[in-house]
Amino acid sequence: MRKKLILDAAQLDLTISRLCQQLIENHGNFSQTVILGLQPRGVFLANLIHQKLSETVKEPIQIGYLDVTFHRDDFRRREIPARASETRVPFVVEGRNVVLIDDVLFTGRTVRSALDAMLSFGRPARVELLVLIDRKHTRHLPVAADYVGKYVDTIETQKVLVELEAQGHPQNRIWLTTNE
Amino acid sequence: MSKLSQKHLLGIKNITRDDIELIFETADNFKEVINRPIRKVPSLRDVTIANVFFENSTRTRLSFELAEKRLSADVVNFSASNSSVKKGETLLDTVNNILAMKVEMVVMRHASVGAPHFLSRHINAAIVNAGDGTHEHPTQALLDAFSIREKLGSVSGKKVAIIGDILHSRVALSNIFALQKLGAKVMVCGPPTLLPKYIHTLGVQVELDVQKALQWCDAANVLRIQLERQQIKYFPSLREYTLYYGITRKMLDELNKEIVLMHPGPINRGVELSSDAADSAHSVILDQVENGVAVRMAVLYLLAATV
């Protein structure tokens, strides 16, 4: 297996700062906006972004976690069913702006499931998608992100490996791995 | 692992501790789902489930039906009282006819011990036992243990007393298996005539004095006297049973600790539980009913993954 570094800790920090600035540009003080991290891995990024945003935005920003397992379209089509994680949406989604956050955008199927799952909590005014890594040319569905940390050219057999300190890794690093 | 070791849920005896823990973790997520503004997920929208009840049931059938509907499954209901069973059709023929209509899962209650086990050897659909005679009632035991875990933090190491008609109770047997697999200590308490003769071989403690049982336990699961299954008289009168084994608010208040009071329903108020005990702060009876839907959703969801 070959491993190529896409983002190191310093670059990741810069990227997250930029994403936060873009969010603030569009959402001001976040009074009408909530952020929703997608389980299991998007929540770590959502926490990082929430932390960074809170340094600039003085008002409290609402954050929730959304698990999409029960809304997936591949249930009963996989050998081993996906394991569910916690959903915590401690606010009303109805009429608000929602920023969905995930680490990697690949086929777009998770995002489709997330849109479905989110609607169980009400009808948002507007939904945006933020991803750290956008894998180009791998989409199965017409899904595009509004905020992208980095575009990466990949083929289906490659994997993007996100290592964050919050997940127990020694430092923040993003890799592209290729099986040979 | 995120998969059950079994294709059917016939009894707690057949499943492992890992299975039970997986069901609980999944049920935690479904409990969150049924408290959302829209309490429904699309997971089982391509699955049809038949609820086949050869014996009366209100709570269990409603609970299964709600669980199925909240998973978006298609549901057909069948009860023996208004069916061709009365015209002499055999169990296997009845179920095969239902399955011929393309049904993937069967939830079944039957008065005969082993009926779902028999079916599981002859049909392809996944079977969930919703009670077979005096044998097992696995989903009830799962929701009881789930309620203990929710109230006391864990089941392991806890002391649970099962009080009442142990002899005729499928809830008691399934509870004993489930609690022991999860590492709890189990005691049964009731009049000697309502305790099975070889109950000690299951590794449970036996206590005849209900006040001592209450003092010993962290959680008490009180069972109904099943008069409909009793062919002979096991005790002189219901009044005498209540006098010796009925649990009152006063008895609970006299304990020097808080215990969790459970009952699988239906309650015979004034027999095994007095009204003020059933409605006291100790009681988690209505939480059990809510948890029942979440636990059954988890069981159906996990079994559906393999059909």
# chains A, B, ... in the order shown; residues from 1 in each chain; ligands from 1

$ closest_atom_pairs --of "chain B" --to "chain A" --cutoff "12 Å" --atoms "only C-alpha atoms" --output "CSV"
residue,atom,partner,partner_atom,distance
B:Met1,CA,A:Ile80,CA,8.1
B:Ser2,CA,A:Arg83,CA,5.7
B:Lys3,CA,A:Ile80,CA,6.4
B:Leu4,CA,A:Ile80,CA,10.0
B:Ser5,CA,A:Ile80,CA,11.8
B:Leu22,CA,A:Arg83,CA,9.2
B:Ile23,CA,A:Arg83,CA,11.0
B:Phe24,CA,A:Ala84,CA,11.5
B:Glu25,CA,A:Ala84,CA,8.2
B:Thr26,CA,A:Ala84,CA,6.6
B:Ala27,CA,A:Ala84,CA,9.8
B:Asp28,CA,A:Glu86,CA,8.2
B:Asn29,CA,A:Glu86,CA,6.2
B:Phe30,CA,A:Phe70,CA,9.1
B:Lys31,CA,A:Thr87,CA,10.4
B:Glu32,CA,A:Thr87,CA,7.2
B:Val33,CA,A:Thr87,CA,8.4
B:Ile34,CA,A:Ser120,CA,10.4
B:Asn35,CA,A:Phe121,CA,10.2
B:Arg36,CA,A:Phe121,CA,6.4
B:Pro37,CA,A:Phe121,CA,5.7
B:Ile38,CA,A:Ser120,CA,4.8
B:Arg39,CA,A:Ser120,CA,7.2
B:Lys40,CA,A:Ser120,CA,7.6
B:Val41,CA,A:Phe70,CA,6.1
B:Pro42,CA,A:His71,CA,5.8
B:Ser43,CA,A:Phe70,CA,5.3
B:Leu44,CA,A:Phe75,CA,8.4
B:Arg45,CA,A:Phe75,CA,10.3
B:Asp46,CA,A:Arg76,CA,9.4
B:Val47,CA,A:Arg76,CA,9.9
B:Arg70,CA,A:Phe70,CA,11.0
B:Leu71,CA,A:Phe70,CA,8.6
B:Ser72,CA,A:Phe70,CA,10.7
B:Met297,CA,A:Phe70,CA,11.1
B:Ala298,CA,A:Ala84,CA,10.7
B:Tyr301,CA,A:Phe70,CA,9.0
B:Leu302,CA,A:Pro81,CA,8.2
B:Leu303,CA,A:Arg76,CA,9.9
B:Ala304,CA,A:Arg76,CA,7.1
B:Ala305,CA,A:Arg76,CA,4.7
B:Thr306,CA,A:Arg76,CA,6.7
B:Val307,CA,A:Arg76,CA,7.6

$ residues_around --residues "range 35-52 of chain A" --least-positions-apart "4" --cutoff "6 Å" --atoms "only C-alpha atoms" --output "PyMOL selection string"
chain A and resi 63-67+98-103

$ write_last_selection --atoms "N, CA and C atoms" --output "compact mmCIF listing (two decimals), in the first residue's frame"
# COMPACT_ATOMS: atom_id res chain seq x y z
N ILE A 63 -24.53 23.26 17.46
CA ILE A 63 -23.93 22.14 16.72
C ILE A 63 -24.67 20.85 17.07
N GLY A 64 -24.87 20.01 16.08
CA GLY A 64 -25.51 18.71 16.31
C GLY A 64 -24.78 17.62 15.54
N TYR A 65 -25.10 16.38 15.88
CA TYR A 65 -24.52 15.23 15.17
C TYR A 65 -25.64 14.44 14.54
N LEU A 66 -25.45 14.03 13.32
CA LEU A 66 -26.49 13.30 12.60
C LEU A 66 -25.95 11.97 12.14
N ASP A 67 -26.63 10.88 12.50
CA ASP A 67 -26.24 9.55 12.03
C ASP A 67 -27.18 9.15 10.90
N VAL A 98 -28.90 25.23 7.52
CA VAL A 98 -28.13 24.10 8.03
C VAL A 98 -26.86 23.93 7.21
N VAL A 99 -25.73 23.80 7.90
CA VAL A 99 -24.48 23.45 7.21
C VAL A 99 -24.13 22.01 7.59
N LEU A 100 -24.22 21.11 6.61
CA LEU A 100 -23.83 19.72 6.85
C LEU A 100 -22.32 19.62 6.69
N ILE A 101 -21.69 18.87 7.61
CA ILE A 101 -20.22 18.77 7.56
C ILE A 101 -19.80 17.31 7.52
N ASP A 102 -18.97 16.97 6.53
CA ASP A 102 -18.39 15.62 6.50
C ASP A 102 -16.93 15.72 6.11
N ASP A 103 -16.17 14.65 6.38
CA ASP A 103 -14.74 14.76 6.08
C ASP A 103 -14.45 14.58 4.60

$ residues_around --residues "Ala161 in chain B" --least-positions-apart "4" --cutoff "12 Å" --atoms "only C-alpha atoms" --output "PyMOL selection string"
chain B and resi 148+166+172+175-176+179+184-190+204-223+259-263

$ residues_around --residues "Thr248 in chain B" --least-positions-apart "3" --cutoff "7 Å" --atoms "only C-alpha atoms" --output "list in words"
Met251, Leu252, Leu273, Ser274, Asp276 and Ala277 of chain B

$ write_last_selection --atoms "C-alpha atoms" --output "CSV table (one decimal), in the first residue's frame"
chain,number,residue,atom,x,y,z
B,251,MET,CA,-43.6,-2.5,51.5
B,252,LEU,CA,-41.6,-0.4,49.0
B,273,LEU,CA,-49.3,-5.1,42.7
B,274,SER,CA,-51.4,-2.6,44.5
B,276,ASP,CA,-50.3,2.8,44.7
B,277,ALA,CA,-47.2,0.6,44.1

$ residues_around --residues "range 1-14 of chain A" --least-positions-apart "6" --cutoff "10 Å" --atoms "only C-alpha atoms" --output "ChimeraX atom specification"
/A:20,48,52,132-133,149-150,152,158-165,171-180

$ write_last_selection --atoms "C-alpha atoms" --output "short mmCIF file (atom, residue, chain, number, x, y, z; two decimals), in the first residue's frame"
data_model
loop_
_atom_site.label_atom_id
_atom_site.label_comp_id
_atom_site.auth_asym_id
_atom_site.auth_seq_id
_atom_site.Cartn_x
_atom_site.Cartn_y
_atom_site.Cartn_z
CA CYS A 20 -14.51 29.19 8.74
CA LEU A 48 -12.91 21.55 14.97
CA LYS A 52 -12.60 27.78 15.38
CA LEU A 132 -12.68 18.75 3.89
CA ILE A 133 -11.76 16.61 0.90
CA GLY A 149 -11.13 22.20 1.87
CA LYS A 150 -9.24 20.56 -0.97
CA VAL A 152 -8.29 15.64 -4.88
CA GLN A 158 -7.91 4.73 -3.74
CA LYS A 159 -8.85 5.79 -0.22
CA VAL A 160 -8.61 9.07 1.61
CA LEU A 161 -7.41 8.58 5.16
CA VAL A 162 -8.27 11.35 7.60
CA GLU A 163 -6.24 11.26 10.82
CA LEU A 164 -7.27 13.80 13.45
CA GLU A 165 -5.90 14.28 16.95
CA GLN A 171 -1.16 14.64 14.72
CA ASN A 172 -3.64 15.98 12.17
CA ARG A 173 -2.82 14.53 8.75
CA ILE A 174 -4.73 13.60 5.61
CA TRP A 175 -3.40 10.82 3.35
CA LEU A 176 -4.23 9.33 -0.01
CA THR A 177 -3.64 5.57 -0.05
CA THR A 178 -3.38 3.29 -3.06
CA ASN A 179 -3.60 -0.49 -2.95
CA GLU A 180 -1.17 -2.10 -5.35
#
